[in-house]
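Shown next: protein_29.cif, given as mmCIF, C-alpha atoms.
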data_coords
loop_
_atom_site.label_atom_id
_atom_site.label_comp_id
_atom_site.auth_asym_id
_atom_site.auth_seq_id
_atom_site.Cartn_x
_atom_site.Cartn_y
_atom_site.Cartn_z
CA MET A 1425 78.85 91.68 143.09
CA ASP A 1426 75.98 94.17 143.03
CA ILE A 1427 75.88 95.62 139.49
CA ARG A 1428 73.30 98.14 138.35
CA PRO A 1429 71.85 97.63 134.85
CA PHE A 1430 73.29 99.51 131.88
CA SER A 1431 70.72 101.48 129.91
CA ARG A 1432 72.42 102.98 126.85
CA SER A 1433 72.14 101.73 123.25
CA PHE A 1434 74.93 99.72 121.64
CA THR A 1435 73.75 100.74 118.16
CA GLN A 1436 73.48 104.50 118.65
CA GLN A 1437 76.22 106.26 116.69
CA GLU A 1438 77.48 109.80 117.15
CA PRO A 1439 75.53 112.49 115.28
CA ILE A 1440 76.74 113.38 111.80
CA PRO A 1441 78.99 116.47 112.15
CA GLU A 1442 77.29 119.80 111.51
CA ASP A 1443 79.59 120.66 108.61
CA ALA A 1444 78.75 117.33 106.99
CA ILE A 1445 75.03 118.03 107.44
CA ALA A 1446 75.49 121.47 105.88
CA ALA A 1447 77.37 119.97 102.92
CA ALA A 1448 74.64 117.37 102.42
CA VAL A 1449 71.93 120.00 102.58
CA GLU A 1450 73.76 122.04 99.94
CA VAL A 1451 73.86 119.00 97.66
CA MET A 1452 70.13 118.50 98.17
CA ARG A 1453 69.47 122.15 97.35
CA THR A 1454 71.19 121.69 93.99
CA GLY A 1455 69.31 118.48 93.24
CA ARG A 1456 72.54 117.08 91.74
CA LEU A 1457 72.80 113.87 93.74
CA HIS A 1458 74.15 111.63 90.97
CA ARG A 1459 77.94 111.69 90.88
CA TYR A 1460 78.08 112.66 87.20
CA ASN A 1461 75.37 115.34 87.42
CA THR A 1462 77.51 118.46 87.80
CA ALA A 1463 77.36 122.09 86.79
CA PRO A 1464 79.97 123.40 84.31
CA ASP A 1465 83.45 123.39 85.89
CA GLU A 1466 82.03 121.74 89.06
CA VAL A 1467 83.88 118.77 90.61
CA SER A 1468 81.44 116.37 92.27
CA GLN A 1469 81.53 115.59 95.97
CA VAL A 1470 82.24 111.95 95.09
CA SER A 1471 85.28 112.85 93.01
CA VAL A 1472 86.66 115.04 95.79
CA LEU A 1473 86.06 112.24 98.32
CA GLU A 1474 88.02 109.86 96.08
CA ARG A 1475 90.89 112.32 95.87
CA GLU A 1476 90.89 112.86 99.65
CA THR A 1477 90.66 109.11 100.34
CA ALA A 1478 93.64 108.37 98.09
CA ALA A 1479 95.67 111.11 99.77
CA TRP A 1480 94.76 109.87 103.27
CA GLN A 1481 95.40 106.23 102.41
CA GLY A 1482 98.61 107.00 100.52
CA SER A 1483 97.33 105.13 97.46
CA ALA A 1484 97.49 106.18 93.84
CA TYR A 1485 93.80 105.59 93.16
CA ALA A 1486 90.45 105.40 94.98
CA LEU A 1487 86.91 104.56 93.94
CA ALA A 1488 83.73 105.35 95.88
CA CYS A 1489 81.09 102.62 95.69
CA ALA A 1490 77.52 102.02 96.78
CA SER A 1491 78.53 99.67 99.61
CA GLY A 1492 81.46 97.81 101.10
CA GLY A 1493 80.14 94.62 99.54
CA ALA A 1494 80.04 96.31 96.15
CA ALA A 1495 83.67 97.36 96.62
CA LEU A 1496 84.61 93.72 97.35
CA ARG A 1497 82.72 92.39 94.32
CA ILE A 1498 84.17 95.03 92.01
CA GLY A 1499 87.64 94.36 93.39
CA LEU A 1500 87.36 90.64 92.69
CA ARG A 1501 86.00 91.11 89.17
CA ALA A 1502 88.53 93.83 88.32
CA ALA A 1503 91.23 91.36 89.40
CA GLY A 1504 89.92 88.94 86.78
CA ILE A 1505 88.19 86.59 89.24
CA GLY A 1506 85.20 84.77 87.80
CA ALA A 1507 83.32 81.51 87.34
CA GLY A 1508 84.98 78.49 88.92
CA ASP A 1509 87.97 80.34 90.39
CA VAL A 1510 89.01 79.53 93.95
CA VAL A 1511 89.37 82.44 96.37
CA LEU A 1512 90.79 81.84 99.83
CA THR A 1513 89.32 83.83 102.72
CA ASN A 1514 89.03 83.67 106.50
CA ALA A 1515 86.73 81.12 108.09
CA PHE A 1516 85.91 83.86 110.65
CA THR A 1517 84.38 86.80 108.84
CA LEU A 1518 80.97 88.26 108.08
CA ALA A 1519 78.67 86.91 105.38
CA PRO A 1520 79.29 89.70 102.78
CA VAL A 1521 82.86 88.43 102.28
CA PRO A 1522 82.08 84.89 101.07
CA GLY A 1523 78.97 86.46 99.53
CA ALA A 1524 81.11 88.68 97.32
CA ILE A 1525 83.16 85.68 96.20
CA VAL A 1526 80.04 83.69 95.32
CA ALA A 1527 78.50 86.74 93.59
CA VAL A 1528 81.27 86.79 90.97
CA GLY A 1529 80.88 83.06 90.36
CA ALA A 1530 83.98 82.01 92.29
CA ARG A 1531 84.31 79.35 95.00
CA PRO A 1532 85.26 80.35 98.55
CA VAL A 1533 87.76 78.10 100.30
CA LEU A 1534 87.97 78.99 103.97
CA VAL A 1535 91.22 79.33 105.91
CA GLU A 1536 91.60 78.59 109.61
CA ILE A 1537 92.07 81.37 112.18
CA ASP A 1538 94.19 81.23 115.32
CA GLU A 1539 93.21 81.94 118.92
CA ASN A 1540 93.94 85.64 118.40
CA LEU A 1541 91.29 85.76 115.63
CA CYS A 1542 93.86 86.26 112.86
CA LEU A 1543 94.30 84.40 109.60
CA ASP A 1544 96.39 81.26 110.23
CA LEU A 1545 99.23 81.84 107.79
CA ASP A 1546 100.54 78.27 107.97
CA ASP A 1547 97.10 77.01 106.98
CA LEU A 1548 96.94 79.67 104.26
CA GLN A 1549 100.17 78.38 102.75
CA ALA A 1550 98.88 74.82 102.84
CA ARG A 1551 95.63 75.78 101.11
CA ILE A 1552 97.45 77.80 98.47
CA ALA A 1553 99.50 74.69 97.67
CA ALA A 1554 96.39 72.49 97.61
CA HIS A 1555 94.02 74.76 95.66
CA ARG A 1556 96.20 77.10 93.54
CA PRO A 1557 93.72 79.96 94.16
CA ALA A 1558 93.06 82.88 91.85
CA ALA A 1559 93.19 85.28 94.81
CA VAL A 1560 93.35 85.64 98.57
CA MET A 1561 90.74 87.89 100.16
CA ALA A 1562 92.08 88.55 103.66
CA SER A 1563 89.30 89.74 105.95
CA HIS A 1564 90.59 91.75 108.91
CA MET A 1565 87.59 90.60 110.90
CA ARG A 1566 86.71 92.73 113.92
CA GLY A 1567 89.86 94.76 113.35
CA HIS A 1568 92.47 92.03 113.87
CA LEU A 1569 95.50 92.22 111.57
CA CYS A 1570 97.62 89.12 111.05
CA ASP A 1571 101.35 89.45 110.31
CA MET A 1572 100.82 91.58 107.20
CA ASP A 1573 104.46 91.40 106.12
CA ARG A 1574 104.35 87.62 106.05
CA LEU A 1575 100.91 87.57 104.41
CA SER A 1576 102.01 89.84 101.57
CA ASP A 1577 105.27 87.86 101.17
CA ILE A 1578 103.33 84.57 100.89
CA CYS A 1579 101.00 85.98 98.25
CA ALA A 1580 103.83 87.60 96.29
CA ALA A 1581 105.93 84.41 96.34
CA GLU A 1582 103.00 82.40 94.99
CA SER A 1583 101.90 85.13 92.52
CA VAL A 1584 98.44 85.18 94.12
CA PRO A 1585 96.70 88.59 94.17
CA LEU A 1586 95.86 89.83 97.66
CA ILE A 1587 92.68 91.83 98.25
CA GLU A 1588 92.12 93.16 101.76
CA ASP A 1589 88.69 93.44 103.36
CA CYS A 1590 89.26 96.45 105.62
CA ALA A 1591 85.68 97.03 106.75
CA HIS A 1592 86.84 96.89 110.38
CA THR A 1593 90.34 98.37 109.96
CA MET A 1594 89.88 101.81 108.43
CA GLY A 1595 92.57 103.78 110.26
CA ALA A 1596 94.55 100.71 111.39
CA ARG A 1597 98.21 100.15 110.55
CA TRP A 1598 100.82 97.38 110.57
CA ARG A 1599 104.35 98.68 111.23
CA GLY A 1600 103.07 102.14 110.36
CA ARG A 1601 101.62 101.08 107.00
CA ARG A 1602 97.89 101.50 106.50
CA SER A 1603 95.55 98.56 106.28
CA GLY A 1604 94.49 98.14 102.66
CA SER A 1605 97.93 98.87 101.18
CA PHE A 1606 99.57 95.42 101.33
CA GLY A 1607 98.22 93.86 98.15
CA LEU A 1608 96.50 94.60 94.89
CA ALA A 1609 93.61 96.43 96.55
CA GLY A 1610 91.89 97.30 99.80
CA ALA A 1611 88.13 97.61 100.30
CA PHE A 1612 86.47 99.68 103.03
CA SER A 1613 82.89 100.06 104.21
CA THR A 1614 81.09 103.23 105.29
CA GLN A 1615 78.01 101.41 106.56
CA THR A 1616 76.65 102.92 109.79
CA TYR A 1617 78.45 100.51 112.13
CA LYS A 1618 81.87 101.04 110.57
CA HIS A 1619 84.42 103.85 111.08
CA LEU A 1620 82.77 106.34 108.73
CA ASN A 1621 78.98 106.58 108.56
CA SER A 1622 76.99 107.18 105.38
CA GLY A 1623 74.37 104.52 106.06
CA GLU A 1624 75.78 102.43 103.23
CA GLY A 1625 78.86 103.00 101.12
CA GLY A 1626 82.25 101.64 100.20
CA LEU A 1627 85.72 102.66 99.08
CA LEU A 1628 88.22 100.72 96.99
CA VAL A 1629 91.91 101.70 96.84
CA SER A 1630 94.81 100.46 94.73
CA ASP A 1631 98.13 101.47 93.18
CA ASP A 1632 97.51 99.40 90.03
CA PRO A 1633 96.25 101.56 87.12
CA ALA A 1634 94.91 98.69 84.98
CA PHE A 1635 93.03 97.24 87.93
CA MET A 1636 91.53 100.59 88.89
CA ALA A 1637 90.48 101.42 85.33
CA ARG A 1638 88.53 98.15 85.23
CA ALA A 1639 87.06 98.82 88.68
CA ILE A 1640 85.87 102.32 87.71
CA LEU A 1641 84.19 100.95 84.59
CA LEU A 1642 82.59 98.13 86.58
CA SER A 1643 81.20 100.63 89.08
CA GLY A 1644 79.14 102.16 86.28
CA SER A 1645 81.10 105.10 84.93
CA TYR A 1646 79.68 104.86 81.40
CA MET A 1647 82.29 106.84 79.42
CA LEU A 1648 82.63 109.49 82.16
CA TYR A 1649 85.70 108.00 83.86
CA ALA A 1650 87.61 111.27 83.39
CA ARG A 1651 85.35 112.79 86.07
CA HIS A 1652 86.85 110.59 88.79
CA GLY A 1653 89.01 112.30 91.37
CA ALA A 1654 91.66 109.63 91.81
CA ALA A 1655 91.73 107.65 88.55
CA PRO A 1656 94.46 106.55 86.13
CA GLY A 1657 94.90 108.33 82.81
CA ASP A 1658 92.67 107.86 79.77
CA ALA A 1659 95.03 105.36 78.11
CA TRP A 1660 94.23 102.74 80.75
CA PHE A 1661 90.54 102.84 79.78
CA ARG A 1662 90.80 102.54 76.01
CA ASP A 1663 90.45 98.74 75.78
CA ALA A 1664 88.84 98.04 79.15
CA ARG A 1665 85.91 100.39 78.46
CA LEU A 1666 84.61 97.97 75.81
CA ASP A 1667 85.13 94.85 77.94
CA MET A 1668 83.86 95.76 81.41
CA PRO A 1669 80.12 95.53 82.17
CA ASN A 1670 78.34 98.37 83.99
CA THR A 1671 77.18 97.08 87.40
CA SER A 1672 75.72 100.40 88.64
CA ALA A 1673 77.47 100.40 92.00
CA ARG A 1674 78.34 104.10 92.26
CA MET A 1675 78.31 106.26 95.37
CA ASP A 1676 76.17 109.40 95.19
CA ASN A 1677 77.07 113.00 96.07
CA LEU A 1678 74.85 113.06 99.14
CA ARG A 1679 76.76 110.27 100.87
CA ALA A 1680 80.10 111.66 99.76
CA ALA A 1681 79.19 115.02 101.31
CA LEU A 1682 78.46 113.26 104.60
CA LEU A 1683 81.72 111.33 104.50
CA ARG A 1684 84.30 114.00 103.66
CA PRO A 1685 84.19 115.80 107.05
CA GLN A 1686 84.20 112.44 108.84
CA LEU A 1687 87.30 111.34 106.95
CA ALA A 1688 89.01 114.56 108.02
CA ARG A 1689 88.33 113.61 111.67
CA ILE A 1690 89.06 109.89 111.52
CA GLU A 1691 92.37 109.99 113.40
CA ASP A 1692 90.65 111.61 116.38
CA ALA A 1693 87.87 109.00 116.20
CA VAL A 1694 90.49 106.22 116.23
CA ARG A 1695 92.08 107.71 119.35
CA ARG A 1696 88.74 107.88 121.15
CA TRP A 1697 87.75 104.33 120.15
CA ASN A 1698 91.04 103.03 121.49
CA GLU A 1699 90.54 104.83 124.81
CA ARG A 1700 87.22 103.00 125.16
CA TYR A 1701 88.75 99.67 124.15
CA GLN A 1702 91.52 100.01 126.72
CA ALA A 1703 89.03 100.93 129.46
CA VAL A 1704 87.04 97.74 128.83
CA ALA A 1705 90.13 95.57 128.33
CA ALA A 1706 91.65 96.69 131.63
CA VAL A 1707 88.63 95.43 133.58
CA LEU A 1708 88.17 92.21 131.58
CA ALA A 1709 91.83 91.37 132.17
CA GLU A 1710 91.06 91.17 135.91
CA CYS A 1711 88.88 88.10 135.33
CA ALA A 1712 90.89 84.87 135.20
CA ARG A 1713 88.21 83.16 133.12
CA ILE A 1714 88.30 85.75 130.31
CA VAL A 1715 90.97 85.55 127.59
CA LEU A 1716 91.61 88.64 125.46
CA PRO A 1717 93.26 88.35 122.03
CA HIS A 1718 96.93 89.27 121.96
CA ARG A 1719 97.53 92.54 120.10
CA PRO A 1720 101.11 92.53 118.74
CA PRO A 1721 103.17 95.73 119.01
CA GLU A 1722 103.36 96.00 115.19
CA GLU A 1723 99.58 96.46 115.05
CA GLU A 1724 97.91 99.83 115.48
CA PHE A 1725 94.27 98.81 115.67
CA VAL A 1726 90.93 100.61 115.87
CA GLY A 1727 89.05 99.48 118.99
CA SER A 1728 85.48 100.07 117.84
CA SER A 1729 84.57 96.67 119.30
CA ILE A 1730 86.19 94.24 121.69
CA GLN A 1731 86.36 90.45 121.58
CA PHE A 1732 87.12 87.96 124.32
CA ARG A 1733 86.97 84.20 124.83
CA LEU A 1734 85.65 81.98 127.59
CA PRO A 1735 87.54 78.76 126.83
CA GLY A 1736 85.69 75.57 127.66
CA ILE A 1737 82.24 77.16 127.81
CA THR A 1738 79.42 74.91 126.60
CA PRO A 1739 76.73 76.11 124.18
CA GLU A 1740 74.15 76.09 127.00
CA GLU A 1741 76.44 78.13 129.23
CA ALA A 1742 77.20 80.55 126.40
CA ARG A 1743 73.52 81.22 125.80
CA THR A 1744 72.98 81.72 129.53
CA PHE A 1745 75.93 84.14 129.66
CA VAL A 1746 74.51 86.18 126.77
CA ARG A 1747 71.03 86.23 128.39
CA ASP A 1748 72.42 87.26 131.79
CA ALA A 1749 74.39 90.12 130.25
CA ALA A 1750 71.35 91.21 128.21
CA ALA A 1751 69.23 91.26 131.38
CA LEU A 1752 71.71 93.84 132.70
CA GLY A 1753 71.63 95.86 129.45
CA VAL A 1754 74.82 94.61 127.76
CA GLU A 1755 74.46 93.29 124.19
CA LEU A 1756 76.94 90.50 123.54
CA LYS A 1757 77.38 88.65 120.27
CA TRP A 1758 78.37 84.99 120.47
CA PHE A 1759 80.13 83.61 117.41
CA GLY A 1760 79.78 79.98 118.47
CA ASP A 1761 76.09 79.75 117.68
CA ARG A 1762 75.29 77.67 114.59
CA GLU A 1763 72.17 79.78 113.96
CA PRO A 1764 72.75 83.26 112.45
CA VAL A 1765 71.62 86.09 114.75
CA GLY A 1766 71.45 89.66 113.45
CA PHE A 1767 74.80 90.54 111.89
CA THR A 1768 76.50 87.49 113.42
CA SER A 1769 76.93 84.20 111.59
CA ALA A 1770 79.35 81.28 111.45
CA HIS A 1771 80.55 79.41 108.38
CA GLN A 1772 78.16 76.49 108.98
CA SER A 1773 75.21 78.79 108.21
CA TRP A 1774 76.58 79.89 104.80
CA ARG A 1775 74.88 77.16 102.75
CA TYR A 1776 76.04 78.85 99.53
CA VAL A 1777 79.60 77.84 100.55
CA GLU A 1778 80.73 74.22 100.28
CA PRO A 1779 80.92 72.72 103.82
CA GLN A 1780 84.50 72.59 105.04
CA ALA A 1781 86.26 71.10 108.07
CA LEU A 1782 87.73 73.90 110.19
CA PRO A 1783 88.36 72.44 113.65
CA ARG A 1784 90.70 75.15 114.93
CA THR A 1785 88.31 77.93 113.91
CA ASP A 1786 85.34 76.10 115.40
CA ALA A 1787 87.16 75.62 118.72
CA THR A 1788 88.01 79.34 118.85
CA LEU A 1789 84.52 80.53 117.91
CA ALA A 1790 82.85 78.19 120.42
CA GLY A 1791 83.83 80.52 123.25
CA LEU A 1792 84.14 83.84 121.39
CA PHE A 1793 82.10 86.89 122.36
CA ASP A 1794 81.99 90.41 120.98
CA VAL A 1795 80.65 93.79 122.08
CA ARG A 1796 80.41 97.07 120.17
CA LEU A 1797 81.95 100.22 121.65
CA PRO A 1798 80.24 103.19 119.98
CA LEU A 1799 81.69 106.64 120.53
CA THR A 1800 78.44 107.64 122.21
CA PHE A 1801 79.75 105.73 125.26
CA ASP A 1802 82.06 107.55 127.66
CA LEU A 1803 84.83 105.91 129.68
CA GLY A 1804 82.52 105.47 132.67
CA ASP A 1805 80.08 103.59 130.44
CA CYS A 1806 82.91 101.35 129.29
CA ASP A 1807 83.94 100.54 132.85
CA HIS A 1808 80.30 99.79 133.70
CA ILE A 1809 79.89 97.46 130.69
CA ALA A 1810 83.10 95.61 131.49
CA ARG A 1811 82.08 95.04 135.13
CA ILE A 1812 78.76 93.59 134.01
CA ILE A 1813 80.60 91.21 131.67
CA VAL A 1814 82.98 90.14 134.46
CA SER A 1815 80.08 89.67 136.86
CA CYS A 1816 78.19 87.45 134.41
CA ALA A 1817 81.30 85.53 133.37
CA GLY A 1818 82.16 84.83 136.98
CA LYS A 1819 78.84 83.18 137.85
CA PRO A 1820 79.05 79.49 138.87
CA MET A 1821 78.39 76.97 136.14
CA PRO A 1822 75.25 74.79 136.31
CA GLU A 1823 75.62 71.91 138.76
CA ASN A 1824 74.96 69.33 136.05
CA ARG A 1825 77.96 70.40 134.00
CA PRO A 1826 80.18 67.35 133.25
#
If you convert what's in this file into structure tokens, what do you get?
Amino acid sequence: MDIRPFSRSFTQQEPIPEDAIAAAVEVMRTGRLHRYNTAPDEVSQVSVLERETAAWQGSAYALACASGGAALRIGLRAAGIGAGDVVLTNAFTLAPVPGAIVAVGARPVLVEIDENLCLDLDDLQARIAAHRPAAVMASHMRGHLCDMDRLSDICAAESVPLIEDCAHTMGARWRGRRSGSFGLAGAFSTQTYKHLNSGEGGLLVSDDPAFMARAILLSGSYMLYARHGAAPGDAWFRDARLDMPNTSARMDNLRAALLRPQLARIEDAVRRWNERYQAVAAVLAECARIVLPHRPPEEEFVGSSIQFRLPGITPEEARTFVRDAAALGVELKWFGDREPVGFTSAHQSWRYVEPQALPRTDATLAGLFDVRLPLTFDLGDCDHIARIIVSCAGKPMPENRP
């Protein structure tokens, strides 16, 4: 198959919308970047973003944070998680998730995933019975939702708080219900490669007033919690305000100004990402060697990246496959590599986490590949990328393969 090289960047995002730029410029003209630095009778951009996020999510409360990782750490600590506690989380996730658990002094215990990249709920139940965890942090890694009804039922039956890492599922739903609304809290990221772009940033949502009061204080509200746009009433802060440390993890008005117009357009962005996902998936499905994850009908996902497996591929073949695709301009991430590369890492490289035997996860990751689908690509680009992947995947294996 004669395939021409692809020449566009996999890390180039769409420009920030003009109305977001104008709003950010206006904030800079005032000089009032700090969320609590407001003129008389002015409501800060961060407070308005919190109000709009809660309304969009359908949650009672929302908190804007300095990063997605900060939202995870605040969520854990506001849930009462601390030194020595066990927190269960996916064996397949990105390093900030176990990092947040370790950062609050807790111990991550990793849960197997299945071949569709979802949390293995049978293994979760077994590990809850074995470890009696203080919480479950379910990471919807690369946008894959497990059976959220069963997950929330398991956690509720065992009285284990559920915190959702929704960095890759902002805009996704399970049976029409938004990701981030199935447990005590949901945490989102607005880092550049996520679904809203403020460079760095995070959002935490919850319906629990005591939890959110603690989270707001932890974020660094001083005694200015009444200036939050989607916060519980003053009574919830009266005791917590003297107990919660200030961790200075606030979002600023500049980033909030950039995010508000993007949030207003997120449903259109989700539609366009899914068009690109389907264009790539349709071509990859033509290759008998490539296995795509099953997406159940209950799941409404956000296809900002696509994953596929090459079962049986050896490490040498995987590296060759990645190099061949790169030579034709396609950037693939391989999750089977024991060495961390860029944003990609496997659990064996998290030396701050106790080594754990995860054979099913390891077998899945051994042949798992991933490619970003930025909205700067059009549908023709997506077809081109997919045909390069199929071409490289279809090459004969080395003759010395066993």
Can you pull out the residues contacting Ala1790 of chain A? Cut-off 8 Å, using all atoms listed in the file, and skip same-chain residues under 4 positions away; I want them as an MDAnalysis selection string. chainID A and resid 1735 1737:1739 1759:1761 1786
Selected residues written out, C-alpha atoms, as a compact mmCIF listing (two decimals), keeping the file's coordinate frame:
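Printed below is again_28.txt as written:
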# COMPACT_ATOMS: atom_id res chain seq x y z
CA PRO A 1735 87.54 78.76 126.83
CA ILE A 1737 82.24 77.16 127.81
CA THR A 1738 79.42 74.91 126.60
CA PRO A 1739 76.73 76.11 124.18
CA PHE A 1759 80.13 83.61 117.41
CA GLY A 1760 79.78 79.98 118.47
CA ASP A 1761 76.09 79.75 117.68
CA ASP A 1786 85.34 76.10 115.40
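We find atom CA of Ser1613 of chain A and atom CA of Leu1627 of chain A to be spaced 6.4 Å apart.
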Expanded to explicit residues, what is the PyMOL selection byres ((chain A and resi 1468-1476) around 10) for this file, as a VMD selection string? chain A and resid 1447 to 1448 1451 1456 to 1463 1465 to 1467 1477 to 1489 1627 to 1629 1651 to 1655 1674 to 1685 1687 to 1688
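Reported to one decimal place, the separation of atom CA of Ser1729 of chain A from atom CA of Arg1602 of chain A is 19.1 Å.
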Please provide as a PyMOL selection string all residues within 12 Å of Leu1496 of chain A, with the sequence filter that same-chain residues fewer than 4 positions apart are discarded (counting only C-alpha atoms). chain A and resi 1487-1492+1500-1503+1505+1520-1528+1560-1563+1586-1591+1609-1613+1625-1629+1639+1642-1643+1673
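With distances taken over all atoms listed in the file, A:Val1584 is the one residue among A:Ile1813, A:Val1704, A:Val1584, A:Ala1781 lying closest to Leu1608 of chain A.
Using all atoms listed in the file for every distance, the candidate list A:Ala1596, A:Val1510, A:Asp1577, A:Ala1712 yields A:Val1510 as the residue closest to Ala1554 of chain A.
Straight-line separation from atom CA of Cys1711 of chain A to atom CA of Ala1817 of chain A: 8.2 Å.
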Report the residues retrieved by the PyMOL selection byres ((chain A and resi 1736) around 12) from the displayed file, expressed as a ChimeraX atom specification. /A:1713-1715,1733-1735,1737-1742,1760,1787-1792,1821,1825-1826
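Using all atoms listed in the file, the shortest contact distance between Phe1434 of chain A and any of A:Leu1799, A:Leu1545, A:Met1647, A:Val1746 is found at A:Leu1799.
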The PyMOL selection byres ((chain A and resi 1644) around 6) - which residues does that actually catch in the file I just gave you? List them as an NGL selection string. :A and (1641-1643 or 1645-1646 or 1670-1672)
Around (87.7, 99.7, 115.0), as given in the file, which residues come within 8 Å? Count all atoms listed in the file and list them as an mmCIF file with C-alpha atoms, in the frame of the given file.
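Written output follows (out-v8.cif):
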data_model
loop_
_atom_site.group_PDB
_atom_site.id
_atom_site.type_symbol
_atom_site.label_atom_id
_atom_site.label_comp_id
_atom_site.auth_asym_id
_atom_site.auth_seq_id
_atom_site.Cartn_x
_atom_site.Cartn_y
_atom_site.Cartn_z
ATOM 1 C CA ARG A 1566 86.710 92.730 113.920
ATOM 2 C CA GLY A 1567 89.860 94.760 113.350
ATOM 3 C CA HIS A 1592 86.840 96.890 110.380
ATOM 4 C CA THR A 1593 90.340 98.370 109.960
ATOM 5 C CA MET A 1594 89.880 101.810 108.430
ATOM 6 C CA GLY A 1595 92.570 103.780 110.260
ATOM 7 C CA ALA A 1596 94.550 100.710 111.390
ATOM 8 C CA LYS A 1618 81.870 101.040 110.570
ATOM 9 C CA HIS A 1619 84.420 103.850 111.080
ATOM 10 C CA VAL A 1694 90.490 106.220 116.230
ATOM 11 C CA TRP A 1697 87.750 104.330 120.150
ATOM 12 C CA PHE A 1725 94.270 98.810 115.670
ATOM 13 C CA VAL A 1726 90.930 100.610 115.870
ATOM 14 C CA GLY A 1727 89.050 99.480 118.990
ATOM 15 C CA SER A 1728 85.480 100.070 117.840
ATOM 16 C CA SER A 1729 84.570 96.670 119.300
#
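Among the candidates A:Arg1700, A:Arg1689, A:Arg1531, A:Arg1574, the residue lying nearest to Ala1558 of chain A is A:Arg1531 (atoms considered: all atoms listed in the file).
Considering the residues A:Leu1797, A:Leu1716, A:Ala1703, A:Ile1498 and counting only C-alpha atoms, Ile1640 of chain A has its shortest atom-to-atom contact with A:Ile1498.
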